[in-house]
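Here is run_26.cif, consisting of mmCIF, C-alpha atoms and all ligand atoms:
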```cif
data_final
loop_
_atom_site.group_PDB
_atom_site.id
_atom_site.type_symbol
_atom_site.label_atom_id
_atom_site.label_comp_id
_atom_site.auth_asym_id
_atom_site.auth_seq_id
_atom_site.Cartn_x
_atom_site.Cartn_y
_atom_site.Cartn_z
ATOM 1 C CA MET U 1 20.729 -22.962 -1.752
ATOM 2 C CA THR U 2 19.444 -26.297 -3.059
ATOM 3 C CA LEU U 3 18.284 -26.739 -6.631
ATOM 4 C CA ARG U 4 14.669 -27.768 -7.073
ATOM 5 C CA PHE U 5 12.107 -28.326 -9.789
ATOM 6 C CA ILE U 6 9.666 -25.453 -10.150
ATOM 7 C CA ASP U 7 6.090 -26.345 -11.132
ATOM 8 C CA GLU U 8 4.473 -24.815 -14.213
ATOM 9 C CA PRO U 9 2.795 -21.541 -13.189
ATOM 10 C CA ASP U 10 -0.914 -21.559 -12.333
ATOM 11 C CA ALA U 11 -3.017 -18.704 -13.751
ATOM 12 C CA ALA U 12 -5.061 -18.411 -10.529
ATOM 13 C CA ALA U 13 -1.943 -17.833 -8.392
ATOM 14 C CA PRO U 14 -0.814 -14.385 -7.230
ATOM 15 C CA ILE U 15 1.921 -12.333 -8.903
ATOM 16 C CA GLY U 16 5.036 -11.925 -6.736
ATOM 17 C CA VAL U 17 6.667 -8.496 -6.613
ATOM 18 C CA PHE U 18 10.007 -8.049 -4.913
ATOM 19 C CA ASP U 19 12.050 -4.987 -3.894
ATOM 20 C CA SER U 20 14.616 -4.040 -1.281
ATOM 21 C CA GLY U 21 11.973 -2.037 0.596
ATOM 22 C CA VAL U 22 9.290 0.538 -0.150
ATOM 23 C CA GLY U 23 10.536 1.754 -3.551
ATOM 24 C CA GLY U 24 9.025 -1.092 -5.563
ATOM 25 C CA LEU U 25 5.582 0.058 -4.420
ATOM 26 C CA THR U 26 5.744 2.580 -7.289
ATOM 27 C CA VAL U 27 5.938 -0.446 -9.616
ATOM 28 C CA LEU U 28 3.201 -2.286 -7.683
ATOM 29 C CA ALA U 29 0.913 0.740 -8.097
ATOM 30 C CA ALA U 30 1.412 0.602 -11.876
ATOM 31 C CA LEU U 31 0.910 -3.188 -11.926
ATOM 32 C CA ARG U 32 -2.360 -2.936 -9.993
ATOM 33 C CA HIS U 33 -3.550 -0.211 -12.350
ATOM 34 C CA GLN U 34 -2.689 -2.324 -15.404
ATOM 35 C CA LEU U 35 -3.920 -5.636 -13.942
ATOM 36 C CA PRO U 36 -6.727 -4.681 -11.520
ATOM 37 C CA GLN U 37 -8.122 -8.204 -11.158
ATOM 38 C CA GLU U 38 -4.898 -9.951 -10.207
ATOM 39 C CA ASN U 39 -3.770 -10.937 -6.706
ATOM 40 C CA PHE U 40 -0.337 -9.729 -5.598
ATOM 41 C CA ILE U 41 2.194 -10.586 -2.911
ATOM 42 C CA TYR U 42 4.713 -7.771 -2.441
ATOM 43 C CA LEU U 43 7.908 -8.566 -0.554
ATOM 44 C CA GLY U 44 10.053 -5.687 0.751
ATOM 45 C CA ASP U 45 13.404 -6.840 2.110
ATOM 46 C CA THR U 46 13.470 -3.968 4.604
ATOM 47 C CA ALA U 47 15.886 -5.797 6.921
ATOM 48 C CA ARG U 48 18.674 -5.507 4.367
ATOM 49 C CA LEU U 49 18.052 -2.331 2.367
ATOM 50 C CA PRO U 50 19.555 -0.397 0.736
ATOM 51 C CA TYR U 51 20.639 -2.702 -2.064
ATOM 52 C CA GLY U 52 21.949 0.227 -4.125
ATOM 53 C CA THR U 53 25.215 0.573 -2.213
ATOM 54 C CA LYS U 54 25.962 -3.165 -1.843
ATOM 55 C CA SER U 55 28.223 -5.354 -3.983
ATOM 56 C CA SER U 56 26.588 -7.235 -6.840
ATOM 57 C CA GLU U 57 27.439 -10.601 -5.191
ATOM 58 C CA THR U 58 25.497 -9.580 -2.077
ATOM 59 C CA VAL U 59 22.533 -8.254 -4.063
ATOM 60 C CA VAL U 60 22.357 -11.500 -6.090
ATOM 61 C CA ARG U 61 22.351 -13.508 -2.845
ATOM 62 C CA TYR U 62 19.649 -11.337 -1.258
ATOM 63 C CA ALA U 63 17.552 -11.383 -4.425
ATOM 64 C CA LEU U 64 17.731 -15.187 -4.606
ATOM 65 C CA GLN U 65 16.675 -15.580 -0.979
ATOM 66 C CA SER U 66 13.789 -13.123 -1.233
ATOM 67 C CA SER U 67 12.579 -14.498 -4.538
ATOM 68 C CA THR U 68 12.677 -18.069 -3.206
ATOM 69 C CA LEU U 69 10.206 -17.070 -0.506
ATOM 70 C CA LEU U 70 7.772 -15.841 -3.158
ATOM 71 C CA ILE U 71 8.312 -18.830 -5.435
ATOM 72 C CA ASP U 72 7.677 -21.165 -2.482
ATOM 73 C CA ALA U 73 4.427 -19.268 -1.879
ATOM 74 C CA GLY U 74 3.387 -20.369 -5.395
ATOM 75 C CA VAL U 75 3.474 -17.102 -7.350
ATOM 76 C CA LYS U 76 2.851 -17.412 -11.101
ATOM 77 C CA ALA U 77 5.300 -14.658 -12.082
ATOM 78 C CA LEU U 78 8.051 -12.743 -10.350
ATOM 79 C CA ILE U 79 8.460 -9.005 -10.864
ATOM 80 C CA VAL U 80 11.838 -7.703 -9.746
ATOM 81 C CA ALA U 81 10.662 -4.181 -8.897
ATOM 82 C CA CYS U 82 14.109 -3.056 -7.735
ATOM 83 C CA ASN U 83 16.421 -1.514 -10.337
ATOM 84 C CA THR U 84 19.563 -2.612 -8.512
ATOM 85 C CA ALA U 85 18.407 -6.240 -8.215
ATOM 86 C CA SER U 86 17.192 -6.194 -11.843
ATOM 87 C CA ALA U 87 20.558 -4.822 -12.939
ATOM 88 C CA VAL U 88 22.652 -7.547 -11.336
ATOM 89 C CA ALA U 89 20.467 -10.569 -10.521
ATOM 90 C CA LEU U 90 18.010 -11.059 -13.386
ATOM 91 C CA PRO U 91 19.896 -13.769 -15.356
ATOM 92 C CA THR U 92 20.462 -15.789 -12.166
ATOM 93 C CA LEU U 93 16.803 -15.489 -11.109
ATOM 94 C CA ARG U 94 15.549 -16.428 -14.592
ATOM 95 C CA GLU U 95 17.749 -19.485 -14.711
ATOM 96 C CA ARG U 96 16.912 -20.585 -11.178
ATOM 97 C CA PHE U 97 13.143 -20.128 -11.354
ATOM 98 C CA ALA U 98 12.236 -21.213 -14.917
ATOM 99 C CA PRO U 99 9.460 -21.816 -16.028
ATOM 100 C CA ILE U 100 8.153 -18.965 -13.822
ATOM 101 C CA PRO U 101 8.433 -15.711 -15.848
ATOM 102 C CA VAL U 102 10.842 -13.283 -14.168
ATOM 103 C CA ILE U 103 10.412 -9.652 -15.256
ATOM 104 C CA GLY U 104 12.790 -6.853 -14.301
ATOM 105 C CA VAL U 105 12.438 -3.086 -14.613
ATOM 106 C CA ILE U 106 15.559 -2.310 -16.660
ATOM 107 C CA GLU U 107 14.530 -3.707 -20.060
ATOM 108 C CA PRO U 108 11.103 -1.972 -20.016
ATOM 109 C CA GLY U 109 12.754 1.267 -18.797
ATOM 110 C CA ALA U 110 15.324 1.149 -21.592
ATOM 111 C CA GLN U 111 12.578 0.548 -24.181
ATOM 112 C CA ALA U 112 10.607 3.537 -22.905
ATOM 113 C CA ALA U 113 13.729 5.727 -23.012
ATOM 114 C CA VAL U 114 14.642 4.789 -26.580
ATOM 115 C CA ARG U 115 11.051 5.329 -27.722
ATOM 116 C CA ALA U 116 10.954 8.783 -26.104
ATOM 117 C CA SER U 117 14.325 10.099 -27.316
ATOM 118 C CA ARG U 118 14.719 12.036 -30.561
ATOM 119 C CA THR U 119 18.391 12.963 -30.098
ATOM 120 C CA SER U 120 19.478 9.512 -28.801
ATOM 121 C CA CYS U 121 21.266 11.304 -25.960
ATOM 122 C CA ILE U 122 19.913 9.609 -22.870
ATOM 123 C CA ALA U 123 20.816 10.197 -19.228
ATOM 124 C CA VAL U 124 20.248 7.625 -16.490
ATOM 125 C CA LEU U 125 20.008 8.559 -12.819
ATOM 126 C CA ALA U 126 20.142 5.458 -10.619
ATOM 127 C CA THR U 127 21.777 3.886 -7.560
ATOM 128 C CA GLU U 128 25.504 3.182 -7.368
ATOM 129 C CA GLY U 129 24.966 -0.555 -7.910
ATOM 130 C CA THR U 130 22.793 -0.039 -10.994
ATOM 131 C CA VAL U 131 25.209 2.452 -12.548
ATOM 132 C CA LYS U 132 28.278 0.301 -11.827
ATOM 133 C CA GLY U 133 26.698 -2.809 -13.395
ATOM 134 C CA GLY U 134 26.014 -0.847 -16.621
ATOM 135 C CA ALA U 135 22.692 -2.647 -17.222
ATOM 136 C CA TYR U 136 20.745 0.410 -18.458
ATOM 137 C CA GLN U 137 23.614 1.415 -20.724
ATOM 138 C CA ARG U 138 23.731 -2.124 -22.208
ATOM 139 C CA GLU U 139 19.955 -2.397 -22.700
ATOM 140 C CA ILE U 140 19.683 1.037 -24.315
ATOM 141 C CA LEU U 141 22.607 0.325 -26.654
ATOM 142 C CA LYS U 142 21.055 -3.027 -27.619
ATOM 143 C CA LEU U 143 17.981 -1.141 -28.842
ATOM 144 C CA ALA U 144 19.764 1.956 -30.204
ATOM 145 C CA PRO U 145 23.421 1.140 -30.913
ATOM 146 C CA LYS U 146 24.244 4.760 -31.753
ATOM 147 C CA ALA U 147 22.761 6.205 -28.572
ATOM 148 C CA GLN U 148 24.910 8.231 -26.230
ATOM 149 C CA VAL U 149 24.153 7.136 -22.707
ATOM 150 C CA LYS U 150 25.454 8.837 -19.596
ATOM 151 C CA ALA U 151 24.699 7.449 -16.146
ATOM 152 C CA ALA U 152 25.190 8.802 -12.642
ATOM 153 C CA ALA U 153 24.355 7.613 -9.139
ATOM 154 C CA GLY U 154 22.028 9.828 -7.086
ATOM 155 C CA GLN U 155 22.121 7.996 -3.780
ATOM 156 C CA ILE U 156 21.005 10.888 -1.541
ATOM 157 C CA LEU U 157 17.769 11.138 -3.516
ATOM 158 C CA VAL U 158 16.769 7.714 -2.125
ATOM 159 C CA SER U 159 16.843 9.103 1.432
ATOM 160 C CA LEU U 160 15.076 12.312 0.384
ATOM 161 C CA ALA U 161 12.218 10.287 -1.120
ATOM 162 C CA GLU U 162 11.856 8.209 2.056
ATOM 163 C CA GLU U 163 11.909 11.331 4.255
ATOM 164 C CA GLY U 164 9.245 12.887 2.062
ATOM 165 C CA TRP U 165 11.511 15.842 1.234
ATOM 166 C CA THR U 166 10.732 15.661 -2.437
ATOM 167 C CA GLU U 167 10.151 19.333 -3.231
ATOM 168 C CA GLY U 168 11.594 22.664 -2.105
ATOM 169 C CA PRO U 169 15.070 24.213 -2.006
ATOM 170 C CA LEU U 170 16.867 21.226 -0.453
ATOM 171 C CA ALA U 171 15.580 18.694 -2.995
ATOM 172 C CA GLU U 172 16.208 21.178 -5.828
ATOM 173 C CA SER U 173 19.797 21.881 -4.887
ATOM 174 C CA ILE U 174 20.624 18.173 -4.512
ATOM 175 C CA ALA U 175 18.945 17.397 -7.844
ATOM 176 C CA GLN U 176 20.894 20.269 -9.413
ATOM 177 C CA ARG U 177 24.156 18.883 -8.045
ATOM 178 C CA TYR U 178 23.545 15.493 -9.690
ATOM 179 C CA LEU U 179 22.052 16.710 -12.949
ATOM 180 C CA VAL U 180 24.527 19.462 -13.765
ATOM 181 C CA SER U 181 27.220 16.998 -14.805
ATOM 182 C CA LEU U 182 24.835 14.319 -16.085
ATOM 183 C CA LEU U 183 22.820 16.303 -18.638
ATOM 184 C CA THR U 184 24.388 17.610 -21.842
ATOM 185 C CA PRO U 185 22.750 20.210 -24.131
ATOM 186 C CA GLN U 186 21.653 17.291 -26.392
ATOM 187 C CA THR U 187 20.106 15.151 -23.626
ATOM 188 C CA ASP U 188 16.373 14.848 -24.169
ATOM 189 C CA VAL U 189 15.510 11.898 -21.909
ATOM 190 C CA LEU U 190 16.280 11.324 -18.241
ATOM 191 C CA VAL U 191 15.629 7.773 -17.061
ATOM 192 C CA LEU U 192 14.573 7.535 -13.420
ATOM 193 C CA GLY U 193 16.557 4.337 -12.872
ATOM 194 C CA CYS U 194 15.634 3.886 -9.222
ATOM 195 C CA THR U 195 12.278 3.000 -7.722
ATOM 196 C CA HIS U 196 12.394 6.062 -5.443
ATOM 197 C CA PHE U 197 12.906 8.732 -8.067
ATOM 198 C CA PRO U 198 9.335 8.991 -9.429
ATOM 199 C CA LEU U 199 8.496 10.652 -6.090
ATOM 200 C CA LEU U 200 10.960 13.399 -6.984
ATOM 201 C CA SER U 201 9.763 13.800 -10.561
ATOM 202 C CA VAL U 202 8.363 17.323 -10.076
ATOM 203 C CA THR U 203 11.711 18.559 -8.772
ATOM 204 C CA LEU U 204 13.787 16.590 -11.281
ATOM 205 C CA ALA U 205 11.655 17.850 -14.188
ATOM 206 C CA GLN U 206 11.979 21.413 -12.988
ATOM 207 C CA VAL U 207 15.755 21.195 -12.619
ATOM 208 C CA ALA U 208 16.246 19.287 -15.890
ATOM 209 C CA GLY U 209 14.181 21.810 -17.833
ATOM 210 C CA PRO U 210 11.445 21.466 -20.464
ATOM 211 C CA ARG U 211 13.596 19.897 -23.211
ATOM 212 C CA VAL U 212 14.208 16.793 -21.062
ATOM 213 C CA GLN U 213 11.499 14.143 -20.791
ATOM 214 C CA LEU U 214 11.459 12.002 -17.647
ATOM 215 C CA VAL U 215 10.973 8.274 -18.155
ATOM 216 C CA ASP U 216 10.279 5.802 -15.379
ATOM 217 C CA SER U 217 10.005 2.073 -15.859
ATOM 218 C CA ALA U 218 6.969 1.381 -13.661
ATOM 219 C CA HIS U 219 4.317 1.726 -16.369
ATOM 220 C CA THR U 220 6.318 -0.020 -19.076
ATOM 221 C CA THR U 221 7.087 -2.864 -16.670
ATOM 222 C CA ALA U 222 3.375 -3.211 -15.895
ATOM 223 C CA LYS U 223 2.541 -3.316 -19.620
ATOM 224 C CA THR U 224 5.300 -5.862 -20.280
ATOM 225 C CA THR U 225 3.944 -8.018 -17.444
ATOM 226 C CA ALA U 226 0.421 -7.919 -18.889
ATOM 227 C CA ILE U 227 1.728 -8.905 -22.348
ATOM 228 C CA ILE U 228 3.808 -11.799 -20.991
ATOM 229 C CA LEU U 229 0.960 -13.131 -18.811
ATOM 230 C CA CYS U 230 -1.418 -12.908 -21.768
ATOM 231 C CA GLU U 231 1.027 -14.722 -24.093
ATOM 232 C CA LYS U 232 1.441 -17.495 -21.537
ATOM 233 C CA ASN U 233 -2.298 -17.770 -20.783
ATOM 234 C CA LEU U 234 -1.656 -16.736 -17.199
ATOM 235 C CA LEU U 235 -4.061 -13.814 -16.791
ATOM 236 C CA ALA U 236 -6.567 -14.099 -13.934
ATOM 237 C CA ILE U 237 -9.851 -12.339 -13.286
ATOM 238 C CA HIS U 238 -10.477 -12.365 -9.543
ATOM 239 C CA GLU U 239 -13.735 -10.863 -8.324
ATOM 240 C CA GLN U 240 -12.158 -9.601 -5.103
ATOM 241 C CA PRO U 241 -8.442 -9.306 -5.734
ATOM 242 C CA TYR U 242 -6.059 -8.960 -2.802
ATOM 243 C CA THR U 243 -2.592 -7.543 -2.237
ATOM 244 C CA LYS U 244 -0.517 -8.959 0.601
ATOM 245 C CA PHE U 245 2.527 -7.091 1.873
ATOM 246 C CA TRP U 246 5.426 -9.022 3.373
ATOM 247 C CA VAL U 247 8.421 -7.319 4.940
ATOM 248 C CA THR U 248 11.587 -8.654 6.546
ATOM 249 C CA ASP U 249 11.749 -5.865 9.161
ATOM 250 C CA ALA U 250 9.942 -2.850 10.643
ATOM 251 C CA PRO U 251 6.396 -3.332 9.268
ATOM 252 C CA GLU U 252 5.127 -0.112 10.896
ATOM 253 C CA ARG U 253 7.756 1.994 9.116
ATOM 254 C CA PHE U 254 7.007 0.169 5.854
ATOM 255 C CA ALA U 255 3.295 1.010 6.176
ATOM 256 C CA ARG U 256 3.993 4.647 7.058
ATOM 257 C CA VAL U 257 6.647 5.413 4.420
ATOM 258 C CA GLY U 258 5.277 2.974 1.861
ATOM 259 C CA SER U 259 1.834 4.542 1.672
ATOM 260 C CA ARG U 260 3.413 7.567 -0.039
ATOM 261 C CA PHE U 261 5.062 5.324 -2.619
ATOM 262 C CA LEU U 262 1.905 3.287 -3.223
ATOM 263 C CA GLY U 263 -0.387 6.308 -3.256
ATOM 264 C CA GLU U 264 -2.762 4.802 -0.692
ATOM 265 C CA SER U 265 -2.629 3.606 2.882
ATOM 266 C CA ILE U 266 -1.334 0.132 3.681
ATOM 267 C CA ASP U 267 -3.712 -1.707 5.957
ATOM 268 C CA SER U 268 -2.065 -3.608 8.831
ATOM 269 C CA ALA U 269 -4.325 -6.628 8.177
ATOM 270 C CA SER U 270 -2.606 -7.142 4.817
ATOM 271 C CA LEU U 271 0.912 -6.690 6.237
ATOM 272 C CA ARG U 272 3.101 -9.442 7.707
ATOM 273 C CA TRP U 273 6.624 -9.804 8.935
ATOM 274 C CA VAL U 274 8.385 -12.706 7.238
ATOM 275 C CA ASP U 275 11.771 -14.198 7.821
ATOM 276 C CA LEU U 276 13.871 -15.652 5.117
ATOM 277 C CA GLN U 277 13.896 -19.090 6.724
ATOM 278 C CA ASN U 278 10.418 -19.510 5.207
ATOM 279 C CA GLN U 279 8.589 -18.807 8.422
ATOM 280 C CA VAL U 280 5.720 -16.458 7.906
ATOM 281 C CA SER U 281 4.475 -14.939 11.156
ATOM 282 C CA LYS U 282 1.384 -12.831 11.459
ATOM 283 C CA LEU U 283 2.028 -9.415 13.004
HETATM 284 N N1 LIG A 1 14.915 -0.190 -4.891
HETATM 285 C C1 LIG A 1 16.258 0.301 -5.136
HETATM 286 C C2 LIG A 1 16.464 0.504 -6.637
HETATM 287 O O1 LIG A 1 15.543 0.715 -7.376
HETATM 288 C C3 LIG A 1 16.524 1.616 -4.413
HETATM 289 C C4 LIG A 1 16.676 1.458 -2.918
HETATM 290 C C5 LIG A 1 17.883 0.632 -2.529
HETATM 291 O O2 LIG A 1 19.023 1.057 -2.787
HETATM 292 O O3 LIG A 1 17.671 -0.447 -1.993
HETATM 293 O O4 LIG A 1 17.576 0.426 -7.090
#
```
How does this structure look as structure tokens?
Amino acid sequence: MTLRFIDEPDAAAPIGVFDSGVGGLTVLAALRHQLPQENFIYLGDTARLPYGTKSSETVVRYALQSSTLLIDAGVKALIVACNTASAVALPTLRERFAPIPVIGVIEPGAQAAVRASRTSCIAVLATEGTVKGGAYQREILKLAPKAQVKAAAGQILVSLAEEGWTEGPLAESIAQRYLVSLLTPQTDVLVLGCTHFPLLSVTLAQVAGPRVQLVDSAHTTAKTTAIILCEKNLLAIHEQPYTKFWVTDAPERFARVGSRFLGESIDSASLRWVDLQNQVSKL
């Protein structure tokens, strides 16, 4: 990848949001709620998901390629809506794309967890890649050095969320299997450290029990984005804001599965297949 100069961000430009697939739509929903008059381009790298089981070197490479597409489209900020990519690629993306603000989901998620915990015993349920990189553990300990943080990977929950099997005996018994060794009697916060897990929050809350508060990073990330855009004079007020959806594979599946994550249907007119050689083709 060649090095290039990145222009200063333009307040009128869209915000770029990037994820491995549909999961980051939970973050996009929170961003659109927080910033209703902004334009967004959401890129789901559906050709290469899941990121959660891949090596960090591969995820950094994928994240750089996907983010470059958004930066070349002129976005004014880049939201890394994927926990795995945030966990391993954020420093590289920030360095490569300065002065464009690059915001991940781990720091806001860790802040929300520390704020919510009274016992400082915090559990993190995430993908394998996020857990292995230790990013949540590091961020939480930066904010609360005495915290006890336990993390576990709940990979099957990603598939359950995409299948829509988020409640009922199957989801409960899988959640139970993961949480039984993750939660201690002192744990009072469970961080949903994967974009897919908010869809399972009813089941996870039920299995974790009433003493455990669930924290997801979508809302805190949206608030952090609003604060950063405001500080940098980059907020926009568009009369008729748009959201464009770009995917690297299987747009129909993205629209079908993604509408559950976004909480509304995804119109085919706003959806395009893109390749990572910078060719954008209309469906
Ligand atoms: N978006 C990913 C994350 O939040 C979950 C799906 C995947 O593994 O690609 O870590």
- request: Calculate how many Å separate CA of Gly21 in chain U from CA of Val207 in chain U, rounding to one decimal.
  value: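 Those two atoms sit 27.0 Å apart.
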query: Can you list, as a list in words, every protein, DNA or RNA residue that comes within 7 Å of range 5-18 of chain U when you count only C-alpha atoms, leaving out same-chain residues fewer than 4 positions away?
result: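 These residues fall inside the cut-off: Glu38, Asn39, Phe40, Ile41, Tyr42, Leu43, Gly44, Ser67, Leu70, Gly74, Val75, Lys76, Ala77, Leu78, Ile79, Val80, Ala81, Phe97, Ala98, Pro99, Ile100, Leu234, Leu235 and Ala236 of chain U.
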task: Using CA of Gly23 in chain U and CA of Cys194 in chain U as the two end points, give the distance in Å to one decimal.
output: 7.9 Å
message: Running the PyMOL selection byres (((chain U and resi 96) around 12) and not hetatm) on this model by hand, what would come out? Give it as a list in words.
response: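 That selection, the PyMOL selection byres (((chain U and resi 96) around 12) and not hetatm), comes back as Met1, Thr2, Leu3, Arg4, Phe5, Ile6, Val60, Ala63, Leu64, Gln65, Ser67, Thr68, Ile71, Leu78, Ala89, Leu90, Pro91, Thr92, Leu93, Arg94, Glu95, Phe97, Ala98, Pro99, Ile100, Pro101 and Val102 of chain U.
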Take the residues just selected and output them with C-alpha atoms as a PDB file, in the coordinates of the input.
```
ATOM      1  CA  MET U   1      20.729 -22.962  -1.752  1.00  0.00           C
ATOM      2  CA  THR U   2      19.444 -26.297  -3.059  1.00  0.00           C
ATOM      3  CA  LEU U   3      18.284 -26.739  -6.631  1.00  0.00           C
ATOM      4  CA  ARG U   4      14.669 -27.768  -7.073  1.00  0.00           C
ATOM      5  CA  PHE U   5      12.107 -28.326  -9.789  1.00  0.00           C
ATOM      6  CA  ILE U   6       9.666 -25.453 -10.150  1.00  0.00           C
ATOM      7  CA  VAL U  60      22.357 -11.500  -6.090  1.00  0.00           C
ATOM      8  CA  ALA U  63      17.552 -11.383  -4.425  1.00  0.00           C
ATOM      9  CA  LEU U  64      17.731 -15.187  -4.606  1.00  0.00           C
ATOM     10  CA  GLN U  65      16.675 -15.580  -0.979  1.00  0.00           C
ATOM     11  CA  SER U  67      12.579 -14.498  -4.538  1.00  0.00           C
ATOM     12  CA  THR U  68      12.677 -18.069  -3.206  1.00  0.00           C
ATOM     13  CA  ILE U  71       8.312 -18.830  -5.435  1.00  0.00           C
ATOM     14  CA  LEU U  78       8.051 -12.743 -10.350  1.00  0.00           C
ATOM     15  CA  ALA U  89      20.467 -10.569 -10.521  1.00  0.00           C
ATOM     16  CA  LEU U  90      18.010 -11.059 -13.386  1.00  0.00           C
ATOM     17  CA  PRO U  91      19.896 -13.769 -15.356  1.00  0.00           C
ATOM     18  CA  THR U  92      20.462 -15.789 -12.166  1.00  0.00           C
ATOM     19  CA  LEU U  93      16.803 -15.489 -11.109  1.00  0.00           C
ATOM     20  CA  ARG U  94      15.549 -16.428 -14.592  1.00  0.00           C
ATOM     21  CA  GLU U  95      17.749 -19.485 -14.711  1.00  0.00           C
ATOM     22  CA  PHE U  97      13.143 -20.128 -11.354  1.00  0.00           C
ATOM     23  CA  ALA U  98      12.236 -21.213 -14.917  1.00  0.00           C
ATOM     24  CA  PRO U  99       9.460 -21.816 -16.028  1.00  0.00           C
ATOM     25  CA  ILE U 100       8.153 -18.965 -13.822  1.00  0.00           C
ATOM     26  CA  PRO U 101       8.433 -15.711 -15.848  1.00  0.00           C
ATOM     27  CA  VAL U 102      10.842 -13.283 -14.168  1.00  0.00           C
TER      28      VAL U 102
END
```
field: Selected residue, from U:Ser201, U:Ser173, U:Thr220, U:Gln137, that lies nearest to Ala30 in chain U when counting only C-alpha atoms
entry: U:Thr220
- prompt: With distances taken over all atoms listed in the file, which of U:Leu69, U:Leu214, U:Ile228, U:Ala255 is nearest to Ala269 in chain U?
  reply: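 Closest candidate: U:Ala255.
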Could you make a table, as a tab-separated table, of the residues of chain U that have an atom within 9 Å of an atom of ligand LIG 1 (chain A), each with its nearest atom pair and distance in Å to one decimal, counting all atoms listed in the file, in chain and number order?
```
residue	atom	partner	partner_atom	distance
U:Asp19	CA	A:LIG1	N1	5.7
U:Ser20	CA	A:LIG1	O3	4.8
U:Gly21	CA	A:LIG1	O3	6.5
U:Val22	CA	A:LIG1	N1	7.4
U:Gly23	CA	A:LIG1	N1	5.0
U:Gly24	CA	A:LIG1	N1	6.0
U:Asp45	CA	A:LIG1	O3	8.7
U:Thr46	CA	A:LIG1	O3	8.6
U:Arg48	CA	A:LIG1	O3	8.2
U:Leu49	CA	A:LIG1	O3	4.8
U:Pro50	CA	A:LIG1	O3	3.3
U:Tyr51	CA	A:LIG1	O3	3.7
U:Gly52	CA	A:LIG1	O2	3.3
U:Thr53	CA	A:LIG1	O2	6.2
U:Lys54	CA	A:LIG1	O2	8.2
U:Ala81	CA	A:LIG1	N1	7.1
U:Cys82	CA	A:LIG1	O1	4.1
U:Asn83	CA	A:LIG1	O1	3.8
U:Thr84	CA	A:LIG1	O4	3.9
U:Ala85	CA	A:LIG1	O4	6.8
U:Ser86	CA	A:LIG1	O4	8.2
U:Ala87	CA	A:LIG1	O4	8.4
U:Val105	CA	A:LIG1	O1	8.7
U:Ala126	CA	A:LIG1	O4	6.7
U:Thr127	CA	A:LIG1	O4	5.5
U:Glu128	CA	A:LIG1	O2	8.2
U:Gly129	CA	A:LIG1	O4	7.5
U:Thr130	CA	A:LIG1	O4	6.5
U:Gln155	CA	A:LIG1	O2	7.7
U:Val158	CA	A:LIG1	C4	6.3
U:Ser159	CA	A:LIG1	C4	8.8
U:Gly193	CA	A:LIG1	O1	6.7
U:Cys194	CA	A:LIG1	O1	3.7
U:Thr195	CA	A:LIG1	O1	4.0
U:His196	CA	A:LIG1	C3	6.2
U:Phe197	CA	A:LIG1	O1	8.5
```
task: Please tell me which residues are no farther than 9 Å from (1.6, 2.6, -8.3) in the file, counting only C-alpha atoms, and write them as an MDAnalysis selection string.
output: chainID U and resid 24:33 218:219 261:263
- prompt: Nearest to Arg118 in chain U among U:Glu167, U:Glu162, U:Asp72, U:Asp188, with distances taken over only C-alpha atoms: which residue is it?
  reply: U:Asp188
I'd like to see the residues matched by the PyMOL selection byres (((chain U and resi 253) around 12) and not hetatm) on this file, and ideally I'd get them as a PDB file with C-alpha atoms, in the coordinates of the input.
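Once everything was written out, this is expr_3.pdb:
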```pdb
ATOM      1  CA  GLY U  21      11.973  -2.037   0.596  1.00  0.00           C
ATOM      2  CA  VAL U  22       9.290   0.538  -0.150  1.00  0.00           C
ATOM      3  CA  GLY U  44      10.053  -5.687   0.751  1.00  0.00           C
ATOM      4  CA  THR U  46      13.470  -3.968   4.604  1.00  0.00           C
ATOM      5  CA  ALA U  47      15.886  -5.797   6.921  1.00  0.00           C
ATOM      6  CA  GLU U 162      11.856   8.209   2.056  1.00  0.00           C
ATOM      7  CA  GLU U 163      11.909  11.331   4.255  1.00  0.00           C
ATOM      8  CA  VAL U 247       8.421  -7.319   4.940  1.00  0.00           C
ATOM      9  CA  THR U 248      11.587  -8.654   6.546  1.00  0.00           C
ATOM     10  CA  ASP U 249      11.749  -5.865   9.161  1.00  0.00           C
ATOM     11  CA  ALA U 250       9.942  -2.850  10.643  1.00  0.00           C
ATOM     12  CA  PRO U 251       6.396  -3.332   9.268  1.00  0.00           C
ATOM     13  CA  GLU U 252       5.127  -0.112  10.896  1.00  0.00           C
ATOM     14  CA  PHE U 254       7.007   0.169   5.854  1.00  0.00           C
ATOM     15  CA  ALA U 255       3.295   1.010   6.176  1.00  0.00           C
ATOM     16  CA  ARG U 256       3.993   4.647   7.058  1.00  0.00           C
ATOM     17  CA  VAL U 257       6.647   5.413   4.420  1.00  0.00           C
ATOM     18  CA  GLY U 258       5.277   2.974   1.861  1.00  0.00           C
ATOM     19  CA  SER U 259       1.834   4.542   1.672  1.00  0.00           C
ATOM     20  CA  ARG U 260       3.413   7.567  -0.039  1.00  0.00           C
ATOM     21  CA  ILE U 266      -1.334   0.132   3.681  1.00  0.00           C
ATOM     22  CA  SER U 268      -2.065  -3.608   8.831  1.00  0.00           C
ATOM     23  CA  LEU U 271       0.912  -6.690   6.237  1.00  0.00           C
ATOM     24  CA  TRP U 273       6.624  -9.804   8.935  1.00  0.00           C
TER      25      TRP U 273
END
```
